[in-house]
file query-v2.txt (compact mmCIF, C-alpha atoms)
# COMPACT_ATOMS: atom_id res chain seq x y z
CA MET C 241 -29.33 -0.98 -1.45
CA ASP C 242 -31.62 -3.84 -0.44
CA THR C 243 -33.96 -3.28 2.51
CA ASN C 244 -32.39 -6.01 4.65
CA ALA C 245 -28.97 -4.46 4.18
CA VAL C 246 -30.32 -1.05 5.26
CA ILE C 247 -31.86 -2.56 8.38
CA ALA C 248 -28.64 -4.41 9.15
CA ARG C 249 -26.67 -1.18 8.78
CA CYS C 250 -29.02 0.83 10.96
CA PHE C 251 -29.19 -1.69 13.79
CA ALA C 252 -25.54 -2.76 13.87
CA ASP C 253 -24.84 -0.36 16.75
CA GLU C 254 -22.90 -2.87 18.79
CA ARG C 255 -20.63 -3.79 15.89
CA ARG C 256 -19.94 -0.24 14.79
CA ALA C 257 -19.78 1.59 18.11
CA ILE C 258 -16.42 2.62 19.47
CA ASP C 259 -15.92 0.68 22.68
CA GLU C 260 -14.92 2.40 25.86
CA SER C 261 -11.40 0.97 25.72
CA ASP C 262 -10.89 2.61 22.32
CA ARG C 263 -12.28 6.03 23.23
CA ASP C 264 -9.20 6.84 25.31
CA THR C 265 -6.76 5.70 22.63
CA PHE C 266 -8.33 7.37 19.58
CA LEU C 267 -7.16 10.81 18.50
CA ILE C 268 -10.60 12.01 17.35
CA GLY C 269 -14.25 11.40 18.06
CA PRO C 270 -16.83 9.63 15.88
CA ASP C 271 -18.21 12.91 14.48
CA ASP C 272 -14.88 14.51 13.53
CA LEU C 273 -14.32 14.72 9.78
CA ILE C 274 -11.98 12.22 8.11
CA LEU C 275 -10.83 12.78 4.52
CA ILE C 276 -9.91 9.69 2.49
CA THR C 277 -8.20 10.31 -0.86
CA GLY C 278 -8.29 7.47 -3.38
CA ALA C 279 -11.47 6.38 -1.59
CA THR C 280 -12.90 4.47 -4.56
CA GLY C 281 -9.75 2.43 -5.11
CA PHE C 282 -8.77 -1.14 -4.24
CA ILE C 283 -7.62 -0.28 -0.71
CA GLY C 284 -9.47 3.00 -0.25
CA SER C 285 -12.97 1.52 -0.40
CA ARG C 286 -11.98 -0.97 2.33
CA VAL C 287 -10.62 1.86 4.47
CA VAL C 288 -13.98 3.65 4.19
CA LYS C 289 -15.79 0.46 5.27
CA ASN C 290 -13.34 -0.05 8.14
CA LEU C 291 -13.90 3.46 9.48
CA LEU C 292 -17.67 2.98 9.33
CA ASP C 293 -17.28 -0.32 11.17
CA HIS C 294 -15.28 1.50 13.87
CA GLY C 295 -18.19 3.90 14.32
CA PHE C 296 -16.81 7.00 12.57
CA ARG C 297 -19.77 8.77 11.00
CA ASN C 298 -18.34 11.80 9.21
CA LEU C 299 -16.31 10.81 6.16
CA ARG C 300 -15.34 12.71 3.03
CA CYS C 301 -14.36 10.45 0.13
CA PHE C 302 -12.23 12.14 -2.53
CA ALA C 303 -11.96 10.57 -5.99
CA ARG C 304 -11.01 11.45 -9.55
CA PRO C 305 -13.89 12.57 -11.82
CA SER C 306 -13.51 9.37 -13.85
CA SER C 307 -13.64 7.06 -10.81
CA ASP C 308 -16.23 4.32 -10.45
CA VAL C 309 -18.11 5.22 -7.26
CA ALA C 310 -20.14 1.98 -7.08
CA LYS C 311 -18.20 0.69 -4.05
CA ILE C 312 -18.80 3.89 -2.09
CA ASP C 313 -22.46 3.97 -3.10
CA ALA C 314 -22.85 0.41 -1.85
CA LEU C 315 -21.38 1.36 1.52
CA THR C 316 -23.44 4.51 1.95
CA GLY C 317 -26.76 3.59 0.36
CA GLY C 318 -28.18 2.76 3.76
CA ALA C 319 -26.95 5.87 5.54
CA CYS C 320 -28.61 6.25 8.92
CA GLY C 321 -27.99 7.08 12.58
CA GLY C 322 -26.38 10.44 11.81
CA MET C 323 -23.86 8.95 9.38
CA ARG C 324 -22.59 11.46 6.81
CA VAL C 325 -20.47 10.16 3.94
CA GLU C 326 -19.69 12.84 1.37
CA LEU C 327 -18.30 12.02 -2.07
CA VAL C 328 -16.15 14.78 -3.59
CA LYS C 329 -14.71 14.47 -7.07
CA GLY C 330 -11.72 16.48 -8.15
CA ASN C 331 -8.05 16.54 -9.07
CA LEU C 332 -5.34 16.69 -6.43
CA LEU C 333 -3.19 18.64 -8.89
CA SER C 334 -5.67 21.49 -8.37
CA ARG C 335 -4.94 23.55 -5.27
CA ASP C 336 -8.56 24.69 -5.17
CA ASP C 337 -9.81 21.09 -5.17
CA CYS C 338 -7.37 20.26 -2.37
CA SER C 339 -8.61 23.23 -0.36
CA VAL C 340 -12.21 22.07 -0.73
CA ALA C 341 -11.28 18.50 0.18
CA THR C 342 -9.33 19.34 3.35
CA LYS C 343 -11.69 21.98 4.78
CA ASP C 344 -12.59 21.00 8.38
CA ALA C 345 -10.76 17.65 8.07
CA ALA C 346 -9.31 16.47 11.39
CA VAL C 347 -7.59 13.44 9.83
CA VAL C 348 -6.39 12.94 6.25
CA LEU C 349 -5.80 9.40 5.00
CA HIS C 350 -3.92 9.93 1.75
CA LEU C 351 -4.19 6.80 -0.39
CA ALA C 352 -4.35 8.35 -3.86
CA ALA C 353 -1.26 7.20 -5.75
CA ALA C 354 0.44 7.22 -9.14
CA ARG C 355 0.58 3.44 -9.42
CA GLY C 356 1.14 2.31 -13.00
CA GLU C 357 2.76 5.52 -14.22
CA LYS C 358 5.46 4.73 -16.78
CA SER C 359 7.46 7.95 -16.62
CA PHE C 360 9.28 9.67 -13.78
CA PRO C 361 7.65 13.09 -14.39
CA ASP C 362 4.12 11.63 -14.36
CA ALA C 363 4.81 9.61 -11.21
CA PHE C 364 6.30 12.68 -9.51
CA MET C 365 3.35 14.88 -10.47
CA ASN C 366 0.72 12.40 -9.32
CA SER C 367 2.37 11.42 -6.03
CA VAL C 368 4.65 14.23 -4.87
CA VAL C 369 2.97 17.36 -6.27
CA THR C 370 -0.48 16.13 -5.26
CA THR C 371 0.76 15.43 -1.72
CA ARG C 372 2.33 18.88 -1.49
CA ASN C 373 -0.97 20.44 -2.55
CA LEU C 374 -2.82 18.54 0.18
CA LEU C 375 -0.27 19.53 2.82
CA GLU C 376 -0.46 23.19 1.80
CA ALA C 377 -4.25 23.05 2.00
CA CYS C 378 -4.02 21.53 5.49
CA LEU C 379 -1.76 24.39 6.58
CA GLU C 380 -4.30 26.84 5.19
CA HIS C 381 -7.19 25.45 7.23
CA GLN C 382 -5.28 24.84 10.50
CA CYS C 383 -7.60 22.08 11.71
CA LEU C 384 -5.53 18.96 11.02
CA ARG C 385 -4.85 16.45 13.81
CA ARG C 386 -3.11 13.76 11.70
CA PHE C 387 -1.90 13.34 8.09
CA VAL C 388 -1.39 9.71 7.07
CA THR C 389 0.42 9.03 3.82
CA VAL C 390 0.40 5.52 2.35
CA SER C 391 3.82 4.62 1.02
CA SER C 392 5.18 1.20 0.05
CA PHE C 393 7.80 -1.45 0.81
CA THR C 394 9.30 -0.51 -2.52
CA VAL C 395 11.12 2.46 -0.94
CA TYR C 396 13.46 0.19 1.04
CA SER C 397 16.87 -0.42 -0.49
CA ASN C 398 17.18 -3.76 1.38
CA ARG C 399 20.94 -3.32 1.53
CA GLN C 400 23.14 -2.68 4.58
CA LYS C 401 20.35 -3.52 6.99
CA PRO C 402 21.16 -3.17 10.69
CA ARG C 403 20.02 -6.73 11.47
CA GLY C 404 21.05 -8.91 8.54
CA ARG C 405 18.11 -10.42 6.71
CA LEU C 406 15.38 -8.74 8.77
CA LEU C 407 13.57 -5.82 7.14
CA ASP C 408 11.74 -3.49 9.52
CA GLU C 409 11.10 0.25 9.93
CA SER C 410 14.72 0.91 10.94
CA CYS C 411 16.06 -0.17 7.55
CA PRO C 412 17.40 2.41 5.08
CA VAL C 413 15.35 3.61 2.12
CA GLU C 414 16.77 4.24 -1.34
CA ALA C 415 19.13 7.21 -1.21
CA HIS C 416 19.06 7.45 -5.01
CA PRO C 417 15.71 6.01 -6.08
CA GLU C 418 16.17 7.34 -9.60
CA LEU C 419 18.83 4.66 -10.11
CA ARG C 420 16.32 1.86 -9.45
CA GLY C 421 14.69 2.52 -12.81
CA ASP C 422 11.24 2.41 -11.17
CA PRO C 423 9.11 5.60 -11.32
CA TYR C 424 6.84 4.31 -8.52
CA CYS C 425 9.78 3.78 -6.14
CA PHE C 426 11.14 7.23 -7.01
CA ALA C 427 7.79 8.95 -6.42
CA LYS C 428 7.03 7.17 -3.14
CA THR C 429 10.50 7.87 -1.75
CA ARG C 430 10.20 11.56 -2.57
CA GLN C 431 6.64 11.64 -1.20
CA ASP C 432 7.82 10.26 2.15
CA GLU C 433 10.63 12.83 2.27
CA LEU C 434 8.17 15.64 1.56
CA VAL C 435 5.76 14.61 4.32
CA ALA C 436 8.60 14.34 6.85
CA GLU C 437 9.89 17.77 5.76
CA TYR C 438 6.47 19.38 6.30
CA GLY C 439 6.29 17.70 9.69
CA LYS C 440 9.67 19.15 10.69
CA LYS C 441 9.26 22.65 9.20
CA PHE C 442 5.58 23.34 9.79
CA GLY C 443 4.64 20.99 12.60
CA ILE C 444 2.20 18.90 10.55
CA PRO C 445 1.45 15.75 12.59
CA TYR C 446 2.02 12.83 10.24
CA VAL C 447 2.32 9.06 10.08
CA ILE C 448 3.82 7.08 7.17
CA VAL C 449 2.35 3.66 6.44
CA ARG C 450 4.34 1.30 4.20
CA PRO C 451 2.33 -1.74 3.09
CA ALA C 452 3.90 -4.84 1.65
CA TYR C 453 2.32 -6.29 -1.52
CA VAL C 454 -1.44 -5.82 -1.07
CA TYR C 455 -3.49 -8.65 -2.54
CA GLY C 456 -7.11 -9.75 -2.60
CA PRO C 457 -10.23 -9.46 -4.77
CA GLY C 458 -9.59 -6.48 -7.01
CA ASN C 459 -5.88 -7.16 -7.40
CA GLU C 460 -5.49 -10.64 -8.85
CA ALA C 461 -2.03 -10.24 -10.37
CA LEU C 462 0.86 -12.46 -9.33
CA PRO C 463 3.28 -10.46 -7.14
CA GLY C 464 6.42 -9.39 -8.95
CA ARG C 465 8.46 -10.73 -6.02
CA VAL C 466 7.44 -14.23 -7.10
CA GLY C 467 8.69 -13.73 -10.63
CA ILE C 468 8.15 -12.03 -13.96
CA ARG C 469 6.89 -13.01 -17.38
CA THR C 470 9.41 -12.09 -20.03
CA PHE C 471 10.40 -13.46 -23.43
CA GLY C 472 7.24 -15.59 -23.39
CA ILE C 473 8.02 -17.53 -20.19
CA PHE C 474 7.41 -16.99 -16.47
CA LEU C 475 10.74 -16.72 -14.64
CA HIS C 476 10.38 -17.75 -11.01
CA LEU C 477 12.87 -15.54 -9.17
CA GLY C 478 11.73 -15.81 -5.56
CA GLY C 479 12.55 -19.43 -4.78
CA SER C 480 12.64 -20.00 -1.01
CA ASN C 481 12.41 -16.25 -0.28
CA THR C 482 9.63 -15.10 2.03
CA ILE C 483 7.05 -13.02 0.14
CA PRO C 484 5.88 -9.91 2.06
CA LEU C 485 2.10 -9.88 1.66
CA THR C 486 -0.82 -8.16 3.32
CA TYR C 487 -4.43 -8.96 2.58
CA VAL C 488 -6.38 -5.88 1.55
CA ASP C 489 -8.74 -5.89 4.55
CA ASN C 490 -5.83 -6.28 6.97
CA CYS C 491 -4.01 -3.41 5.26
CA ALA C 492 -7.11 -1.19 5.46
CA GLU C 493 -7.34 -1.81 9.21
CA ALA C 494 -3.70 -0.74 9.66
CA ILE C 495 -4.21 2.47 7.67
CA ALA C 496 -7.32 3.37 9.67
CA LEU C 497 -5.53 2.76 12.99
CA ALA C 498 -2.58 4.87 11.83
CA GLY C 499 -4.98 7.79 11.49
CA LEU C 500 -6.85 7.16 14.73
CA LYS C 501 -4.40 6.11 17.44
CA LYS C 502 -2.92 8.71 19.77
CA GLY C 503 0.79 9.12 20.40
CA VAL C 504 2.28 7.93 17.10
CA ASP C 505 3.00 11.21 15.28
CA GLY C 506 6.18 11.09 13.20
CA GLU C 507 6.23 7.29 13.14
CA VAL C 508 6.64 4.86 10.23
CA PHE C 509 4.73 1.56 10.20
CA ASN C 510 5.32 -1.42 7.93
CA VAL C 511 2.20 -3.43 7.13
CA VAL C 512 2.80 -7.12 6.55
CA ASP C 513 0.70 -10.12 7.59
CA ASP C 514 1.63 -13.06 9.79
CA ASP C 515 2.43 -16.55 8.49
CA LEU C 516 4.06 -15.40 5.27
CA PRO C 517 4.64 -18.02 2.56
CA SER C 518 7.77 -18.62 0.54
CA SER C 519 7.70 -17.60 -3.09
CA ARG C 520 7.86 -21.26 -4.10
CA ARG C 521 4.86 -22.19 -1.96
CA PHE C 522 2.83 -19.21 -3.16
CA LEU C 523 3.46 -20.10 -6.80
CA ARG C 524 2.57 -23.74 -6.17
CA LEU C 525 -0.72 -22.78 -4.50
CA TYR C 526 -1.53 -20.36 -7.31
CA LYS C 527 -1.03 -23.07 -9.93
CA GLN C 528 -3.13 -25.55 -7.94
CA ASN C 529 -6.01 -23.15 -7.30
CA VAL C 530 -6.11 -20.84 -10.31
CA ARG C 531 -4.32 -22.13 -13.41
CA ARG C 532 -1.33 -24.20 -14.36
CA PHE C 533 1.42 -22.74 -16.52
CA ALA C 534 5.06 -23.40 -17.29
CA SER C 535 7.63 -21.60 -15.18
CA LEU C 536 11.42 -21.66 -14.99
CA TYR C 537 13.14 -21.32 -11.64
CA VAL C 538 16.14 -19.01 -11.72
CA PRO C 539 18.53 -19.46 -8.75
CA ARG C 540 19.42 -16.30 -6.83
CA PHE C 541 23.05 -16.14 -7.94
CA VAL C 542 21.94 -16.47 -11.57
CA SER C 543 19.25 -13.79 -11.26
CA TYR C 544 21.75 -11.45 -9.61
CA ALA C 545 24.25 -12.02 -12.40
CA LEU C 546 21.59 -11.41 -15.06
CA CYS C 547 20.58 -8.16 -13.37
CA TYR C 548 24.22 -7.08 -13.30
CA LEU C 549 24.67 -7.86 -17.01
CA TRP C 550 21.42 -6.09 -17.93
CA GLU C 551 22.49 -3.06 -15.88
CA ARG C 552 25.92 -2.94 -17.53
CA TYR C 553 24.51 -3.29 -21.05
CA SER C 554 21.97 -0.56 -20.36
CA ALA C 555 24.77 1.79 -19.30
CA TRP C 556 26.91 0.79 -22.31
CA SER C 557 24.02 1.36 -24.73
CA GLU C 558 23.38 4.78 -23.17
CA GLY C 559 19.83 3.90 -22.21
CA GLN C 560 18.73 2.16 -25.42
CA LEU C 561 17.90 -0.78 -23.17
CA PRO C 562 16.05 0.66 -20.14
CA PRO C 563 17.55 -0.37 -16.75
CA VAL C 564 14.40 -2.21 -15.70
CA PHE C 565 16.53 -4.97 -14.16
CA SER C 566 19.38 -3.91 -11.91
CA ARG C 567 21.16 -4.98 -8.76
CA ARG C 568 19.22 -2.36 -6.83
CA GLN C 569 15.98 -3.95 -7.99
CA TRP C 570 17.31 -7.43 -7.15
CA HIS C 571 18.09 -6.36 -3.58
CA ALA C 572 14.64 -4.80 -3.19
CA TYR C 573 12.57 -7.66 -4.63
CA TRP C 574 14.46 -10.96 -4.80
CA LYS C 575 17.06 -10.95 -2.03
CA LYS C 576 16.40 -13.43 0.75
CA THR C 577 14.71 -11.41 3.49
CA HIS C 578 12.50 -11.79 6.56
CA TYR C 579 9.90 -9.21 7.62
CA SER C 580 8.58 -7.87 10.91
CA ASN C 581 5.19 -6.39 11.88
CA ALA C 582 6.08 -6.12 15.58
CA LYS C 583 5.92 -2.31 15.68
CA LEU C 584 2.50 -2.27 14.02
CA LYS C 585 1.16 -4.68 16.63
CA THR C 586 2.69 -3.07 19.70
CA ARG C 587 2.14 0.62 18.84
CA LEU C 588 -1.19 0.48 16.99
CA GLY C 589 -2.69 -2.67 18.49
CA TRP C 590 -3.14 -4.11 14.99
CA ALA C 591 -3.66 -7.77 14.19
CA PRO C 592 -4.51 -9.39 10.84
CA ASN C 593 -8.26 -10.03 11.16
CA VAL C 594 -8.28 -12.18 8.02
CA PRO C 595 -5.93 -15.17 8.50
CA ARG C 596 -3.79 -16.42 5.65
CA ALA C 597 -5.88 -19.48 4.77
CA GLN C 598 -9.07 -17.44 4.47
CA ALA C 599 -7.29 -14.63 2.61
CA PHE C 600 -5.79 -17.05 0.08
CA ARG C 601 -9.16 -18.71 -0.45
CA ARG C 602 -10.80 -15.37 -1.27
CA TYR C 603 -7.89 -14.30 -3.46
CA PHE C 604 -7.73 -17.51 -5.49
CA GLU C 605 -11.50 -17.50 -5.96
CA ALA C 606 -11.31 -13.94 -7.30
CA CYS C 607 -8.46 -14.96 -9.61
CA ARG C 608 -10.53 -17.82 -11.03
CA GLU C 609 -13.57 -15.59 -11.53
CA ARG C 610 -11.51 -12.95 -13.28
CA ARG C 611 -9.91 -15.55 -15.52
CA HIS C 612 -13.28 -16.91 -16.63
CA ALA C 613 -15.04 -13.54 -16.89

call {"tool": "encode", "arguments": {"input": "query-v2.txt", "output": "structure tokens"}}
result
Amino acid sequence: MDTNAVIARCFADERRAIDESDRDTFLIGPDDLILITGATGFIGSRVVKNLLDHGFRNLRCFARPSSDVAKIDALTGGACGGMRVELVKGNLLSRDDCSVATKDAAVVLHLAAARGEKSFPDAFMNSVVTTRNLLEACLEHQCLRRFVTVSSFTVYSNRQKPRGRLLDESCPVEAHPELRGDPYCFAKTRQDELVAEYGKKFGIPYVIVRPAYVYGPGNEALPGRVGIRTFGIFLHLGGSNTIPLTYVDNCAEAIALAGLKKGVDGEVFNVVDDDLPSSRRFLRLYKQNVRRFASLYVPRFVSYALCYLWERYSAWSEGQLPPVFSRRQWHAYWKKTHYSNAKLKTRLGWAPNVPRAQAFRRYFEACRERRHA
């Protein structure tokens, strides 16, 4: 790390210190150990930075052996002032590795996920089994103050909501996630159930954080809620629907606060930014700022009918055509919905530090750079 950066890190006491108002609301002190799984990932590296900025000096970053640790090295290269950031590599499928990782940990921020897995067994192994191993290790050590698991908006069924088009923490999750045809949804739903079960049976203090679509430099893909590319054309499915987004730095702040704030054990928090755009506006801005391409708008009633037909043909063909499009998926991703972050603000004192205009500017710039790389 460059000398100026080291000096800036060492003398940024005012920025990184926990202020007096926070000391009474935080569950742990600055020297208590915090374990972050998935610490080298898109969100995880920002969570590590956020904790350092809050003045927490004892962090253990857990990553797969194949992980690129450059982001963590960049954050810790100027370690000073008693800061201890430990990098541990291992596999969460190993109970021994989980035991090593959780030893002396007061707070566990569990971000490691099975994103991108194509099969249900793989997704289950890398989300549910790994989480069980961590929970068992925490029970073994008996030093845990809070276990935070990072879930997803994808677990919500978005049907039969108590307040019409509003989706918040009171809304039902998928009762049969296996019918969605999405291994990630299945794994995250079962992971949430497991954490709640361990909280009830064994008294593990937990919080579940469910981010909306997390975007920013490092994830430059177009959200699937806007549309999908299939048969050689981009189908715009969102239309006037609000797109639930959270910028990666704002999401990292919410995850950190979920692990730190007192009095929220057993709670679920949705993470979604303010000033959310419609799908149509987001797509227009993307085309203006990144690249232009042809797209075909599909009205909601047409997309619903197509999902129904796809679902029926998949059942008729006995799975020869996978049920990747279904009415359950339509409700979850393309049904007209509004979103609330009121609970996150009132209970955790969270606010999106990066406003939408600035977040979009950073995101579109990263998209352009990736395209021309």

call {"tool": "residues_near_point", "arguments": {"input": "query-v2.txt", "point": "(7.0, -11.5, 6.6)", "cutoff": "10 Å", "atoms": "all atoms listed in the file", "output": "list of chain:residue names"}}
result
C:Leu406, C:Leu407, C:Asp408, C:Ala452, C:Asn481, C:Thr482, C:Ile483, C:Pro484, C:Leu485, C:Thr486, C:Val511, C:Val512, C:Asp513, C:Asp514, C:Asp515, C:Leu516, C:Pro517, C:Ser518, C:Thr577, C:His578, C:Tyr579, C:Ser580, C:Asn581

call {"tool": "atom_distance", "arguments": {"input": "query-v2.txt", "atom1": "CA of Val564 (chain C)", "atom2": "CA of Val488 (chain C)"}}
result
27.3 Å

call {"tool": "atom_distance", "arguments": {"input": "query-v2.txt", "atom1": "CA of Gln431 (chain C)", "atom2": "CA of Ser391 (chain C)"}}
result
7.9 Å

call {"tool": "closest_atom_pairs", "arguments": {"input": "query-v2.txt", "of": "region 485-530 of chain C", "to": "region 274-289 of chain C", "cutoff": "9 Å", "atoms": "only C-alpha atoms", "output": "tab-separated table"}}
result
residue	atom	partner	partner_atom	distance
C:Val488	CA	C:Ile283	CA	6.2
C:Asp489	CA	C:Arg286	CA	6.3
C:Cys491	CA	C:Ile283	CA	7.6
C:Ala492	CA	C:Val287	CA	4.8
C:Glu493	CA	C:Val287	CA	6.8
C:Ile495	CA	C:Val287	CA	7.2
C:Ala496	CA	C:Val287	CA	6.3
C:Gly499	CA	C:Ile274	CA	8.9

call {"tool": "atom_distance", "arguments": {"input": "query-v2.txt", "atom1": "CA of Ser339 (chain C)", "atom2": "CA of Arg300 (chain C)"}}
result
12.9 Å

call {"tool": "closest_residue", "arguments": {"input": "query-v2.txt", "among": "C:Arg324, C:His381, C:Lys428, C:Lys343", "to": "Val369 (chain C)", "atoms": "only C-alpha atoms"}}
result
C:Lys428
